[in-house]
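Raw upload_34.cif, mmCIF, C-alpha atoms:
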```cif
data_model
#
loop_
_atom_site.label_atom_id
_atom_site.label_comp_id
_atom_site.auth_asym_id
_atom_site.auth_seq_id
_atom_site.Cartn_x
_atom_site.Cartn_y
_atom_site.Cartn_z
CA MET A 820 -18.08 53.86 14.69
CA ASN A 821 -21.33 52.03 14.00
CA THR A 822 -20.50 48.48 15.09
CA SER A 823 -23.39 47.05 13.03
CA THR A 824 -21.45 47.71 9.82
CA PRO A 825 -18.01 46.35 8.85
CA ALA A 826 -15.00 48.54 9.61
CA LYS A 827 -13.08 49.81 6.59
CA ASN A 828 -9.73 49.56 8.38
CA LEU A 829 -8.38 48.62 11.81
CA SER A 830 -8.34 52.20 13.11
CA GLU A 831 -12.14 52.36 12.86
CA LEU A 832 -12.37 49.76 15.65
CA ILE A 833 -10.84 52.16 18.18
CA GLY A 834 -13.20 53.29 20.93
CA ASN A 835 -16.67 52.24 22.08
CA THR A 836 -15.10 50.02 24.74
CA PRO A 837 -17.37 48.31 27.30
CA LEU A 838 -17.74 49.20 30.96
CA LEU A 839 -17.23 46.35 33.46
CA ARG A 840 -18.39 46.25 37.08
CA VAL A 841 -15.64 44.65 39.17
CA PRO A 842 -17.55 42.04 41.22
CA SER A 843 -15.15 41.41 44.09
CA LEU A 844 -14.32 45.02 44.96
CA SER A 845 -17.90 46.21 44.41
CA GLU A 846 -19.23 43.59 46.81
CA LEU A 847 -16.52 44.31 49.39
CA THR A 848 -17.29 48.03 49.46
CA GLY A 849 -20.99 48.25 48.66
CA CYS A 850 -20.10 50.59 45.79
CA ASP A 851 -20.31 50.07 42.06
CA ILE A 852 -16.69 50.10 40.91
CA PHE A 853 -16.44 50.06 37.12
CA VAL A 854 -13.47 49.78 34.78
CA LYS A 855 -13.62 51.10 31.23
CA CYS A 856 -12.09 48.25 29.23
CA GLU A 857 -9.59 50.19 27.14
CA HIS A 858 -7.44 47.08 26.78
CA LEU A 859 -10.03 45.96 24.20
CA ASN A 860 -8.94 48.61 21.70
CA PRO A 861 -7.24 46.97 18.69
CA GLY A 862 -3.78 48.10 19.85
CA GLY A 863 -4.53 46.91 23.36
CA SER A 864 -4.56 50.25 25.18
CA ILE A 865 -6.30 53.56 25.78
CA LYS A 866 -3.51 55.25 23.84
CA ASP A 867 -5.08 54.04 20.59
CA ARG A 868 -7.60 56.85 21.00
CA ALA A 869 -5.02 59.63 21.17
CA ALA A 870 -2.97 58.04 18.39
CA LEU A 871 -5.96 58.05 16.06
CA GLN A 872 -7.14 61.57 16.87
CA MET A 873 -3.66 63.10 16.60
CA THR A 874 -3.09 61.41 13.26
CA LEU A 875 -6.48 62.31 11.77
CA ASP A 876 -6.14 65.95 12.86
CA ALA A 877 -2.61 66.15 11.42
CA ILE A 878 -3.83 64.77 8.09
CA GLU A 879 -6.74 67.21 8.02
CA SER A 880 -4.50 70.19 8.83
CA GLY A 881 -1.95 69.20 6.21
CA GLN A 882 0.89 68.66 8.70
CA LEU A 883 1.00 64.93 7.90
CA LYS A 884 1.25 64.19 4.19
CA LYS A 885 1.42 60.95 2.25
CA GLY A 886 4.95 59.55 2.24
CA MET A 887 5.82 61.07 5.63
CA THR A 888 6.73 59.09 8.74
CA ILE A 889 5.03 59.56 12.10
CA VAL A 890 7.65 59.87 14.85
CA GLU A 891 6.99 59.87 18.58
CA GLY A 892 8.77 59.41 21.88
CA THR A 893 6.87 56.86 23.93
CA ALA A 894 6.94 54.58 26.95
CA GLY A 895 5.29 52.00 24.72
CA ASN A 896 1.51 52.17 24.38
CA THR A 897 1.30 55.35 22.31
CA GLY A 898 3.97 53.88 20.06
CA ILE A 899 1.87 50.76 19.57
CA GLY A 900 -1.23 52.85 18.87
CA LEU A 901 0.58 55.05 16.37
CA ALA A 902 2.14 52.02 14.68
CA LEU A 903 -1.32 50.48 14.26
CA VAL A 904 -2.95 53.70 13.03
CA ALA A 905 -0.06 54.49 10.69
CA LYS A 906 -0.24 51.07 9.06
CA ALA A 907 -4.04 51.25 8.76
CA LEU A 908 -3.93 54.70 7.13
CA GLY A 909 -0.90 54.16 4.90
CA TYR A 910 1.98 55.83 6.78
CA ASP A 911 5.29 54.72 8.24
CA CYS A 912 6.01 55.09 11.96
CA LEU A 913 9.15 55.45 14.08
CA ALA A 914 8.84 55.02 17.85
CA VAL A 915 11.61 56.30 20.11
CA MET A 916 11.50 54.42 23.40
CA PRO A 917 13.68 54.10 26.53
CA ASN A 918 15.27 50.68 26.66
CA ASN A 919 14.12 49.95 30.22
CA GLN A 920 10.44 49.56 29.35
CA ALA A 921 8.68 46.20 29.23
CA ILE A 922 10.00 44.01 26.41
CA GLU A 923 6.40 43.12 25.54
CA LYS A 924 5.78 46.69 24.34
CA GLN A 925 8.92 46.75 22.22
CA ARG A 926 7.80 43.58 20.45
CA MET A 927 4.31 44.91 19.76
CA ILE A 928 5.59 48.13 18.18
CA GLU A 929 7.67 46.12 15.73
CA LEU A 930 4.94 43.54 15.11
CA HIS A 931 2.62 46.38 14.05
CA GLY A 932 5.16 47.37 11.42
CA ALA A 933 6.86 50.38 13.00
CA GLN A 934 10.56 51.03 13.32
CA LEU A 935 11.80 51.08 16.92
CA LYS A 936 14.65 53.27 18.13
CA LEU A 937 15.77 52.41 21.68
CA VAL A 938 17.61 55.01 23.77
CA ASP A 939 19.12 54.93 27.23
CA PRO A 940 16.79 56.24 29.98
CA CYS A 941 17.84 59.64 31.28
CA PRO A 942 16.34 62.74 32.96
CA PHE A 943 14.03 64.93 30.90
CA LYS A 944 16.53 67.79 30.93
CA ASN A 945 19.02 65.59 29.05
CA GLU A 946 18.85 66.17 25.28
CA ASN A 947 19.13 62.41 24.74
CA HIS A 948 15.80 61.80 26.51
CA PHE A 949 13.37 59.88 24.27
CA TYR A 950 11.06 62.93 24.05
CA HIS A 951 13.81 65.23 22.82
CA THR A 952 15.21 62.58 20.49
CA ALA A 953 11.86 62.28 18.69
CA ARG A 954 11.46 66.06 18.55
CA ARG A 955 14.96 66.50 17.17
CA LEU A 956 14.44 63.94 14.41
CA ALA A 957 11.30 65.81 13.27
CA GLU A 958 12.99 69.21 13.43
CA GLU A 959 16.01 68.06 11.45
CA ASP A 960 13.93 66.59 8.61
CA SER A 961 10.45 68.13 8.68
CA ASP A 962 9.73 66.93 5.14
CA LYS A 963 10.16 63.31 6.22
CA TYR A 964 8.85 63.26 9.80
CA TRP A 965 5.70 64.45 11.56
CA TRP A 966 6.14 64.56 15.34
CA ALA A 967 2.98 63.50 17.20
CA ASN A 968 4.05 65.30 20.42
CA GLN A 969 1.47 63.54 22.60
CA PHE A 970 2.19 65.62 25.72
CA GLU A 971 1.50 69.01 24.15
CA ASN A 972 -0.76 68.04 21.24
CA LEU A 973 -4.33 68.82 22.36
CA SER A 974 -5.76 66.35 19.87
CA ASN A 975 -4.93 63.91 22.67
CA TYR A 976 -7.31 65.75 25.01
CA LYS A 977 -9.84 66.04 22.17
CA ALA A 978 -9.97 62.25 21.73
CA HIS A 979 -11.28 61.86 25.27
CA TYR A 980 -13.46 64.98 25.35
CA THR A 981 -15.31 63.97 22.20
CA ARG A 982 -15.45 60.19 22.61
CA THR A 983 -14.30 58.59 25.88
CA GLY A 984 -16.17 61.01 28.14
CA PRO A 985 -19.45 60.76 26.19
CA GLU A 986 -19.17 56.97 26.20
CA ILE A 987 -18.85 56.94 30.01
CA LEU A 988 -21.82 59.27 30.38
CA GLU A 989 -23.99 57.02 28.24
CA GLN A 990 -22.81 53.77 29.84
CA THR A 991 -23.52 55.04 33.38
CA ASP A 992 -26.86 56.66 32.42
CA GLY A 993 -25.43 59.88 33.82
CA LYS A 994 -25.24 58.39 37.33
CA LEU A 995 -21.66 58.75 38.42
CA ASP A 996 -20.05 60.02 41.62
CA TYR A 997 -16.30 59.64 41.00
CA LEU A 998 -13.91 59.40 38.08
CA VAL A 999 -10.52 58.02 39.15
CA SER A 1000 -7.49 58.09 36.88
CA VAL A 1001 -3.73 58.09 36.70
CA ALA A 1002 -2.09 60.57 34.32
CA GLY A 1003 0.85 60.46 31.95
CA THR A 1004 0.24 63.04 29.24
CA GLY A 1005 -3.02 63.98 30.98
CA GLY A 1006 -5.10 63.50 27.85
CA THR A 1007 -7.44 60.95 29.39
CA ILE A 1008 -8.11 62.72 32.68
CA GLY A 1009 -8.11 66.11 30.94
CA GLY A 1010 -10.62 65.25 28.24
CA CYS A 1011 -12.89 63.05 30.36
CA SER A 1012 -12.99 65.41 33.34
CA SER A 1013 -13.74 68.43 31.17
CA PHE A 1014 -16.61 66.75 29.34
CA LEU A 1015 -18.13 64.92 32.30
CA LYS A 1016 -18.06 67.92 34.63
CA GLU A 1017 -20.01 69.91 32.05
CA LYS A 1018 -22.74 67.25 32.17
CA LEU A 1019 -22.41 66.18 35.83
CA PRO A 1020 -21.47 69.22 37.95
CA ASN A 1021 -21.36 67.19 41.18
CA LEU A 1022 -18.89 64.65 39.81
CA LYS A 1023 -15.59 64.41 41.69
CA VAL A 1024 -12.43 63.73 39.69
CA VAL A 1025 -9.57 62.01 41.49
CA LEU A 1026 -5.95 61.74 40.34
CA VAL A 1027 -3.99 58.73 41.63
CA ASP A 1028 -0.24 59.12 41.25
CA PRO A 1029 2.66 56.65 41.41
CA GLY A 1030 5.85 57.21 43.35
CA GLY A 1031 8.41 59.34 41.54
CA SER A 1032 5.75 61.56 39.97
CA GLY A 1033 5.13 65.18 40.89
CA LEU A 1034 1.55 65.50 39.63
CA CYS A 1035 -0.06 64.94 43.03
CA SER A 1036 2.20 67.58 44.54
CA TYR A 1037 1.33 69.96 41.70
CA VAL A 1038 -2.41 69.57 42.26
CA HIS A 1039 -2.00 70.49 45.94
CA THR A 1040 0.81 73.08 45.87
CA LYS A 1041 1.37 74.06 42.20
CA GLU A 1042 4.93 72.77 42.62
CA PHE A 1043 6.41 69.56 41.26
CA LYS A 1044 7.93 67.50 44.06
CA SER A 1045 8.23 63.75 44.33
CA GLU A 1046 9.52 60.92 46.45
CA GLY A 1047 10.66 57.42 45.56
CA GLY A 1048 9.93 55.65 42.31
CA SER A 1049 7.56 53.14 40.75
CA ILE A 1050 7.44 50.06 38.55
CA THR A 1051 4.61 51.64 36.55
CA GLU A 1052 5.32 52.78 33.00
CA GLY A 1053 3.98 55.71 30.99
CA ILE A 1054 2.35 57.54 33.91
CA GLY A 1055 3.47 60.26 36.26
CA ILE A 1056 5.62 63.22 35.20
CA MET A 1057 7.52 66.14 36.72
CA ARG A 1058 6.39 68.99 34.48
CA LEU A 1059 3.17 70.70 33.44
CA VAL A 1060 2.09 69.79 29.90
CA ALA A 1061 -0.77 71.13 27.81
CA ASN A 1062 -3.02 68.07 28.09
CA PHE A 1063 -2.75 67.73 31.87
CA ALA A 1064 -3.34 71.48 32.23
CA LYS A 1065 -6.87 70.84 30.94
CA ALA A 1066 -7.71 68.41 33.75
CA GLN A 1067 -10.33 69.42 36.32
CA ILE A 1068 -9.19 67.58 39.44
CA ASP A 1069 -10.85 67.70 42.85
CA GLU A 1070 -8.59 65.34 44.78
CA ALA A 1071 -5.17 63.74 44.34
CA PHE A 1072 -3.10 61.20 46.24
CA SER A 1073 -0.13 58.88 45.71
CA LEU A 1074 -0.14 55.15 46.38
CA PRO A 1075 2.84 52.81 46.78
CA ASP A 1076 3.62 50.01 44.37
CA GLN A 1077 2.74 47.27 46.85
CA ASP A 1078 -0.89 48.44 46.75
CA LEU A 1079 -1.12 47.92 43.01
CA VAL A 1080 0.64 44.55 43.26
CA THR A 1081 -1.89 43.43 45.89
CA ILE A 1082 -4.87 44.68 43.89
CA SER A 1083 -3.65 43.10 40.66
CA GLN A 1084 -3.31 39.69 42.30
CA TYR A 1085 -6.63 39.99 44.13
CA VAL A 1086 -8.79 40.74 41.09
CA ARG A 1087 -6.89 38.20 39.00
CA GLN A 1088 -7.71 35.50 41.53
CA HIS A 1089 -11.29 36.56 42.30
CA ASP A 1090 -12.57 38.04 39.02
CA GLY A 1091 -10.27 36.73 36.30
CA ILE A 1092 -9.33 40.33 35.49
CA LEU A 1093 -5.72 40.76 34.37
CA LEU A 1094 -4.53 44.31 34.91
CA GLY A 1095 -1.52 46.21 33.68
CA SER A 1096 0.43 48.24 36.23
CA SER A 1097 -1.25 51.59 35.55
CA SER A 1098 -4.66 49.89 35.55
CA ALA A 1099 -3.87 48.27 38.91
CA LEU A 1100 -2.98 51.68 40.32
CA ASN A 1101 -6.27 53.02 38.97
CA LEU A 1102 -8.22 50.26 40.68
CA ALA A 1103 -6.35 50.72 43.95
CA GLY A 1104 -7.31 54.40 43.80
CA ALA A 1105 -10.94 53.49 43.11
CA LEU A 1106 -10.93 51.11 46.10
CA LYS A 1107 -9.50 53.87 48.32
CA ILE A 1108 -12.24 56.29 47.24
CA ALA A 1109 -14.92 53.64 47.84
CA ILE A 1110 -13.62 52.87 51.35
CA GLU A 1111 -13.28 56.53 52.30
CA ASN A 1112 -16.73 57.57 51.06
CA GLY A 1113 -18.87 54.59 52.01
CA PRO A 1114 -21.41 52.37 50.24
CA GLY A 1115 -23.64 53.44 47.37
CA LYS A 1116 -21.10 55.38 45.33
CA ARG A 1117 -20.61 54.83 41.62
CA ILE A 1118 -16.96 55.01 40.57
CA VAL A 1119 -15.40 54.70 37.10
CA THR A 1120 -11.73 54.10 36.36
CA PHE A 1121 -9.77 52.67 33.44
CA SER A 1122 -8.22 49.36 32.45
CA CYS A 1123 -5.59 51.17 30.46
CA ASP A 1124 -3.89 48.32 28.64
CA LEU A 1125 -3.46 44.57 28.31
CA GLY A 1126 -2.17 43.00 31.50
CA GLU A 1127 0.21 40.78 29.57
CA ARG A 1128 2.30 43.88 28.81
CA SER A 1129 3.20 44.05 32.50
CA PHE A 1130 4.14 40.37 32.85
CA SER A 1131 7.90 40.89 33.01
CA LYS A 1132 7.49 43.33 35.90
CA LEU A 1133 4.15 43.23 37.72
CA TYR A 1134 3.68 39.46 37.48
CA THR A 1135 7.30 38.28 37.77
CA GLU A 1136 8.36 37.41 41.31
CA GLU A 1137 12.09 37.72 40.66
CA PHE A 1138 11.73 41.27 39.38
CA LEU A 1139 9.40 42.33 42.19
CA LYS A 1140 11.86 41.07 44.79
CA THR A 1141 14.48 43.45 43.42
CA LYS A 1142 12.06 46.27 44.26
CA ASP A 1143 11.19 44.85 47.72
CA LEU A 1144 7.67 44.01 46.55
CA ASP A 1145 5.77 40.84 47.47
CA LEU A 1146 3.85 39.09 44.69
CA HIS A 1147 2.05 36.91 47.24
CA GLN A 1148 0.73 39.70 49.46
CA THR A 1149 -2.93 39.47 48.44
CA ASP A 1150 -4.63 40.24 51.76
CA ILE A 1151 -7.20 42.83 50.72
CA ASP A 1152 -8.14 43.44 54.34
CA THR A 1153 -4.75 45.09 54.84
CA LEU A 1154 -5.55 47.62 52.14
CA ILE A 1155 -9.07 48.19 53.42
CA LYS A 1156 -7.75 48.92 56.93
CA LYS A 1157 -5.13 51.29 55.54
CA TYR A 1158 -7.64 53.16 53.36
CA SER A 1159 -10.11 53.38 56.27
CA LYS A 1160 -7.72 55.50 58.34
#
```

Take the structure in the file and give it back as structure tokens.
Amino acid sequence: MNTSTPAKNLSELIGNTPLLRVPSLSELTGCDIFVKCEHLNPGGSIKDRAALQMTLDAIESGQLKKGMTIVEGTAGNTGIGLALVAKALGYDCLAVMPNNQAIEKQRMIELHGAQLKLVDPCPFKNENHFYHTARRLAEEDSDKYWWANQFENLSNYKAHYTRTGPEILEQTDGKLDYLVSVAGTGGTIGGCSSFLKEKLPNLKVVLVDPGGSGLCSYVHTKEFKSEGGSITEGIGIMRLVANFAKAQIDEAFSLPDQDLVTISQYVRQHDGILLGSSSALNLAGALKIAIENGPGKRIVTFSCDLGERSFSKLYTEEFLKTKDLDLHQTDIDTLIKKYSK
């Protein structure tokens, strides 16, 4: 929107987020490492963009009518975004969420006025999975519910192709070497990579994947295979979905959770930047690319959500110890040596 005029409702404040150069990592590497500050969206995450676009497109197409309830299965941030957008535009919202996600996200969904349905975490093939639960609710009462279906709904991709990508192009003056991103639904990396590669043919797009996800394996082998697990939430999947299928990826790698713990503590102490877990993984990936490719590169990644939403996991020593992770391991030289190999 035009920020020189007042917004008519909260949803109009979504997007146009600033780009921040990370001082400590940029100076360490001789590269310009930027984060797109998506945590400054009104719902506190990049998922506000997809929530708004999916809702507006559903209203325009007639799928979402006044009096209906938006329903979605979510790891948290899309639920918050949809709750915010629904309230701003005059709809009800029901978020179906696994009960092992950060308590901070559960609270925010309810504070934004949505109903929250918690389900036990289970494999995707189980019909009680949060995705299938949301789908089933919509199928059983299609007059009451509109299912956002963020994984397969290409309005998600559209949000980033039409807005996030163009914003990055403008903010970097078209001078960009690498785009680094995690993926959950794939909407962000799909939309941004598609738009930016049209404008910047030499741009390299890099996927950084957490443990337990098969996306890195898929990029390399077209098969979904994974090892281990991760404390990250809302990223990494084991199936091909419509939004991720749009992504134009040149390189992919997985990083362990200790890397993102180290990065999150380092930039918090040196730059005052408080990252969520997926954002920390993004920045670790950007650091790896900077180290591998040498000084002078311009790299953009995303601060996906508010760091406070990861407090109970990423910033809580007792929890990290249960995962054999060290909150106090902040020696950046260890990461630099590892990424230099």

### Message
Could you tell me, as a PyMOL selection string, exactly which residues end up selected when the PyMOL selection byres ((chain A and resi 1100-1112) around 6) is applied to this structure?
### Response
chain A and resi 1000+1027+1079+1097-1099+1113+1158-1159

Just to be explicit: take each residue in the selection above, keep C-alpha atoms, and write the result as a PDB file, in the coordinates of the input.
```pdb
ATOM      1  CA  SER A1000      -7.490  58.090  36.880  1.00  0.00           C
ATOM      2  CA  VAL A1027      -3.990  58.730  41.630  1.00  0.00           C
ATOM      3  CA  LEU A1079      -1.120  47.920  43.010  1.00  0.00           C
ATOM      4  CA  SER A1097      -1.250  51.590  35.550  1.00  0.00           C
ATOM      5  CA  SER A1098      -4.660  49.890  35.550  1.00  0.00           C
ATOM      6  CA  ALA A1099      -3.870  48.270  38.910  1.00  0.00           C
ATOM      7  CA  GLY A1113     -18.870  54.590  52.010  1.00  0.00           C
ATOM      8  CA  TYR A1158      -7.640  53.160  53.360  1.00  0.00           C
ATOM      9  CA  SER A1159     -10.110  53.380  56.270  1.00  0.00           C
TER      10      SER A1159
END
```

### Task
Starting from the displayed file, determine the output of the PyMOL selection byres ((chain A and resi 1071) around 9) and express the residue list as a ChimeraX atom specification.
/A:1024-1028,1034-1036,1038-1039,1068-1070,1072-1073

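The space separating CA of Ser843 in chain A from CA of Lys1156 in chain A comes to 16.6 Å.
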
### Task
Would you mind listing what lies within 10 Å of Arg868 in chain A as a PyMOL selection string, with only C-alpha atoms counted and same-chain residues fewer than 4 positions away left out?
chain A and resi 830+833-834+857+860+862+864+872-873+897+900-901+904+974-979+982-983+1006-1007

### Task
Enumerate, as an NGL selection string, the residues matched when the PyMOL selection byres ((chain A and resi 1019) around 10) is run on the file above.
:A and (988 or 993-996 or 1012 or 1014-1018 or 1020-1023)

### Task
For CA of Asp1078 in chain A and CA of Asp1143 in chain A, determine how far apart the two atoms are, in Å to one decimal place.
12.6 Å

### Query
Hey, what's within 9 Å of Leu1093 in chain A if we count all atoms listed in the file and toss same-chain stuff fewer than 4 positions away? As JSON, numbers by chain, please?
{"A": [1083, 1084, 1086, 1087, 1099, 1125, 1126, 1127]}

Quick one: write out the picked residues with C-alpha atoms as a compact mmCIF listing (two decimals), in the coordinates of the input?
```txt
# COMPACT_ATOMS: atom_id res chain seq x y z
CA SER A 1083 -3.65 43.10 40.66
CA GLN A 1084 -3.31 39.69 42.30
CA VAL A 1086 -8.79 40.74 41.09
CA ARG A 1087 -6.89 38.20 39.00
CA ALA A 1099 -3.87 48.27 38.91
CA LEU A 1125 -3.46 44.57 28.31
CA GLY A 1126 -2.17 43.00 31.50
CA GLU A 1127 0.21 40.78 29.57
```

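One distance worth recording is that between CA of Thr991 in chain A and CA of Ser1013 in chain A, which is 16.7 Å.
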
### Task
Could you tell me which of A:Leu903, A:Val854, A:Lys1132, A:Gly892 comes closest to Pro940 in chain A if we count all atoms listed in the file?
A:Gly892

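When all atoms listed in the file are used to compute distances to Gly984 in chain A, the closest of the residues A:Thr1120, A:Thr1004, A:Ser823, A:Ser1129 turns out to be A:Thr1120.
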
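Using only C-alpha atoms, the contacts of range 1050-1055 of chain A at a cut-off of 6 Å, with sequence neighbours closer than 5 positions omitted, comprise Ala894, Ala1002, Gly1003, Ser1032, Ser1096 and Ser1097 of chain A.
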
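Checking A:Asp1076, A:Asp1124, A:Asp962, A:Glu946 one by one against Met887 in chain A, counting only C-alpha atoms, you find the shortest gap at A:Asp962.
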
### Task
Mind checking which residues fall within 7 Å of Ile889 in chain A, counting all atoms listed in the file, ignoring those fewer than 5 positions away in the same chain, and posting them as a list in words?
Asp911, Cys912, Leu913, Tyr964, Trp965, Trp966 and Ala967 of chain A

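Residue nearest Ser1045 in chain A, chosen from A:Gly898, A:Gly1030, A:Pro985, A:Gly932 and counting all atoms listed in the file: A:Gly1030.
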
### Task
Could you check which of A:Phe1138, A:His1147, A:Lys1044, A:Leu1059 is closest to Val1080 in chain A, using all atoms listed in the file?
A:His1147

### Query
Of the candidates A:Pro825, A:Gly886, A:Gly1005, A:Pro837, which shows the shortest atom-to-atom distance to Ala905 in chain A, using only C-alpha atoms?
A:Gly886

### Task
Mind checking which residues fall within 9 Å of Glu929 in chain A, counting all atoms listed in the file, ignoring those fewer than 6 positions away in the same chain, and posting them as a count of residues only?
3

Will you model N, CA and C atoms for range 925-945 of chain A and pass it back as a short mmCIF file (atom, residue, chain, number, x, y, z; two decimals), in the coordinates of the input?
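Output below, filename part-v3.cif:
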```cif
data_model
loop_
_atom_site.label_atom_id
_atom_site.label_comp_id
_atom_site.auth_asym_id
_atom_site.auth_seq_id
_atom_site.Cartn_x
_atom_site.Cartn_y
_atom_site.Cartn_z
N GLN A 925 7.98 46.65 23.34
CA GLN A 925 8.92 46.75 22.22
C GLN A 925 8.51 45.79 21.09
N ARG A 926 8.18 44.57 21.46
CA ARG A 926 7.80 43.58 20.45
C ARG A 926 6.55 43.99 19.69
N MET A 927 5.57 44.55 20.41
CA MET A 927 4.31 44.91 19.76
C MET A 927 4.49 46.06 18.78
N ILE A 928 5.33 47.02 19.10
CA ILE A 928 5.59 48.13 18.18
C ILE A 928 6.13 47.59 16.86
N GLU A 929 7.08 46.68 16.94
CA GLU A 929 7.67 46.12 15.73
C GLU A 929 6.71 45.19 15.00
N LEU A 930 5.91 44.43 15.76
CA LEU A 930 4.94 43.54 15.11
C LEU A 930 3.89 44.32 14.32
N HIS A 931 3.58 45.54 14.78
CA HIS A 931 2.62 46.38 14.05
C HIS A 931 3.26 47.14 12.90
N GLY A 932 4.54 46.85 12.63
CA GLY A 932 5.16 47.37 11.42
C GLY A 932 5.93 48.66 11.56
N ALA A 933 6.12 49.14 12.80
CA ALA A 933 6.86 50.38 13.00
C ALA A 933 8.34 50.10 13.23
N GLN A 934 9.15 51.10 12.98
CA GLN A 934 10.56 51.03 13.32
C GLN A 934 10.71 51.45 14.78
N LEU A 935 11.60 50.79 15.50
CA LEU A 935 11.80 51.08 16.92
C LEU A 935 13.22 51.57 17.14
N LYS A 936 13.34 52.72 17.76
CA LYS A 936 14.65 53.27 18.13
C LYS A 936 14.74 53.30 19.65
N LEU A 937 15.62 52.48 20.23
CA LEU A 937 15.77 52.41 21.68
C LEU A 937 16.88 53.36 22.12
N VAL A 938 16.62 54.09 23.21
CA VAL A 938 17.61 55.01 23.77
C VAL A 938 17.77 54.72 25.26
N ASP A 939 18.89 55.12 25.80
CA ASP A 939 19.12 54.93 27.23
C ASP A 939 18.19 55.85 28.03
N PRO A 940 17.62 55.36 29.14
CA PRO A 940 16.79 56.24 29.98
C PRO A 940 17.65 57.33 30.61
N CYS A 941 17.11 58.52 30.69
CA CYS A 941 17.84 59.64 31.28
C CYS A 941 16.84 60.71 31.70
N PRO A 942 17.25 61.68 32.53
CA PRO A 942 16.34 62.74 32.96
C PRO A 942 15.83 63.57 31.78
N PHE A 943 14.65 64.16 31.97
CA PHE A 943 14.03 64.93 30.90
C PHE A 943 14.91 66.07 30.42
N LYS A 944 15.69 66.65 31.31
CA LYS A 944 16.53 67.79 30.93
C LYS A 944 17.67 67.38 30.00
N ASN A 945 17.97 66.09 29.92
CA ASN A 945 19.02 65.59 29.05
C ASN A 945 18.51 65.56 27.62
#
```
